[in-house]
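Data block below; observations after.
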Amino acid sequence: MEKEQECHLASIPPYFADEKDRVWVGVHFGSRGLGHKTATYFLNAGGAQDGMDVDPLVLHVRSSLGADYLACMTLAGRYAYAGRDWVCAEVARLLGAKIVEEIHNHHNYAWKESHGGRDLWVVRKGATPAFPGQKGFVGGSMGDKSVILEGVESEEASQSLYSTVHGAGRVMSRTAARGKVNRRTGEVIKPGVVSKEMMREWVQKERVELRGAGTDESPHCYKRLPEVLEHHKNSIKILHTLTPLGVAMAGENEFDPYKD
């Protein structure tokens, strides 16, 4: 007879053990190509310039284009939610586990909220909501601890519009980590600073079972999460610390039709 396990879902998929040896499954993807293509369409439709150092495109929410964008953004968010939900359910099925708690949170999304008596659209880029009592999953890397946290009431939290980080944050770009390769010939144009051996050595030291992944997702590419969270200690409370047991990612040479 299979033993039924408790399984907590946090919204890779990596799976973790917390301080009580309970299993958590974490999934860290969004709307994939749908969100990127949606944003690109509306940027083009609104006449935005391409590039990093250009003026942003601003649409009135009651304009036809603005209303259409918000509707499509909401749909992409629901699509992302459904994708994470499906993956977590499938992993729980494979583990023979019973789901006892679910935590979902978006990042790179916009919310209509009230702050300081004003109704605002809050865009959280690289951040996620953390209102008092609201739980969230914040990932480290494939070889680092992650956390389940919740927001608290404080002056700092209010000033940040009740937001916190969605992850540890990168210390180098994906290109810097993996290097540049001519996709047609396979010739290495510029070597990356992180090797597969470095990545494997890190995760083996942390006793993490790794499947797939490219060097651009190596722990070397990320800040250490405890140091990042220390800067947010007045606006959050850590509920659970999650130690990674296994991580599954697409391989660096694997064709993914849903990539941005």
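Identifiers in this document derive from the order of the structure tokens: chains are assigned A, B, ..., residues are numbered from 1 separately in each chain, and ligands are numbered from 1 in order of occurrence.
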List the spatial neighbours of A:Gly116 as JSON, numbers by chain - criterion: any atom at most 10 Å away, only C-alpha atoms, same-chain residues fewer than 4 positions off excluded. {"A": [120, 158, 159, 161]}
Taking the DSSP assignment computed from this structure's backbone, write out as a ChimeraX atom specification all residues of stretch 85-198 of chain A that belong to strand (DSSP E or B). /A:97-103,109-115,118-124,127-129,132,135-139,146-151,163-165,167,170,179-181,188-191
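The residue that comes closest to A:Thr164, out of A:Val147, A:Ile236, A:Ala92, A:Leu43 and on the basis of only C-alpha atoms, is A:Ile236.
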Please report, as a list in words, each residue of stretch 129-258 of chain A to which DSSP assigns alpha helix (DSSP H) when run on this structure's backbone.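 Assigned to alpha helix (DSSP H), within stretch 129-258 of chain A: Glu155, Glu156, Ala157, Ser158, Gln159, Arg174, Thr175, Ala176, Ala177, Arg178, Lys196, Glu197, Met198, Met199, Arg200, Glu201, Trp202, Val203, Gln204, Lys205, Leu225, Pro226, Glu227, Val228, Leu229 and Glu230 of chain A.
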Would you put the residues from that selection into a file with C-alpha atoms, as a JSON list (two decimals), in the first residue's frame?
```json
[["chain", "number", "residue", "atom", "x", "y", "z"],
["A", 155, "GLU", "CA", 6.10, 51.61, 7.36],
["A", 156, "GLU", "CA", 8.64, 49.98, 5.07],
["A", 157, "ALA", "CA", 6.00, 47.61, 3.70],
["A", 158, "SER", "CA", 3.64, 50.52, 3.03],
["A", 159, "GLN", "CA", 6.35, 52.49, 1.23],
["A", 174, "ARG", "CA", 22.44, 34.54, -19.18],
["A", 175, "THR", "CA", 24.80, 35.30, -22.05],
["A", 176, "ALA", "CA", 27.69, 36.00, -19.68],
["A", 177, "ALA", "CA", 27.08, 32.71, -17.91],
["A", 178, "ARG", "CA", 26.72, 30.41, -20.90],
["A", 196, "LYS", "CA", 28.81, 22.56, -16.51],
["A", 197, "GLU", "CA", 31.39, 21.15, -14.12],
["A", 198, "MET", "CA", 31.04, 24.19, -11.84],
["A", 199, "MET", "CA", 27.25, 23.82, -11.88],
["A", 200, "ARG", "CA", 27.34, 20.09, -11.17],
["A", 201, "GLU", "CA", 29.88, 20.53, -8.38],
["A", 202, "TRP", "CA", 27.64, 23.06, -6.60],
["A", 203, "VAL", "CA", 24.45, 21.00, -6.72],
["A", 204, "GLN", "CA", 26.26, 17.79, -5.77],
["A", 205, "LYS", "CA", 27.74, 19.55, -2.75],
["A", 225, "LEU", "CA", 18.68, 34.60, -0.99],
["A", 226, "PRO", "CA", 19.23, 35.05, 2.79],
["A", 227, "GLU", "CA", 21.32, 38.15, 2.10],
["A", 228, "VAL", "CA", 18.60, 39.55, -0.16],
["A", 229, "LEU", "CA", 15.81, 38.85, 2.33],
["A", 230, "GLU", "CA", 17.79, 40.52, 5.10]]
```
Taking only C-alpha atoms into account, which of A:Gly46, A:Pro132, A:Gly77, A:Gly143 comes nearest A:His104?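 Smallest separation from A:His104 among the options: A:Gly77.
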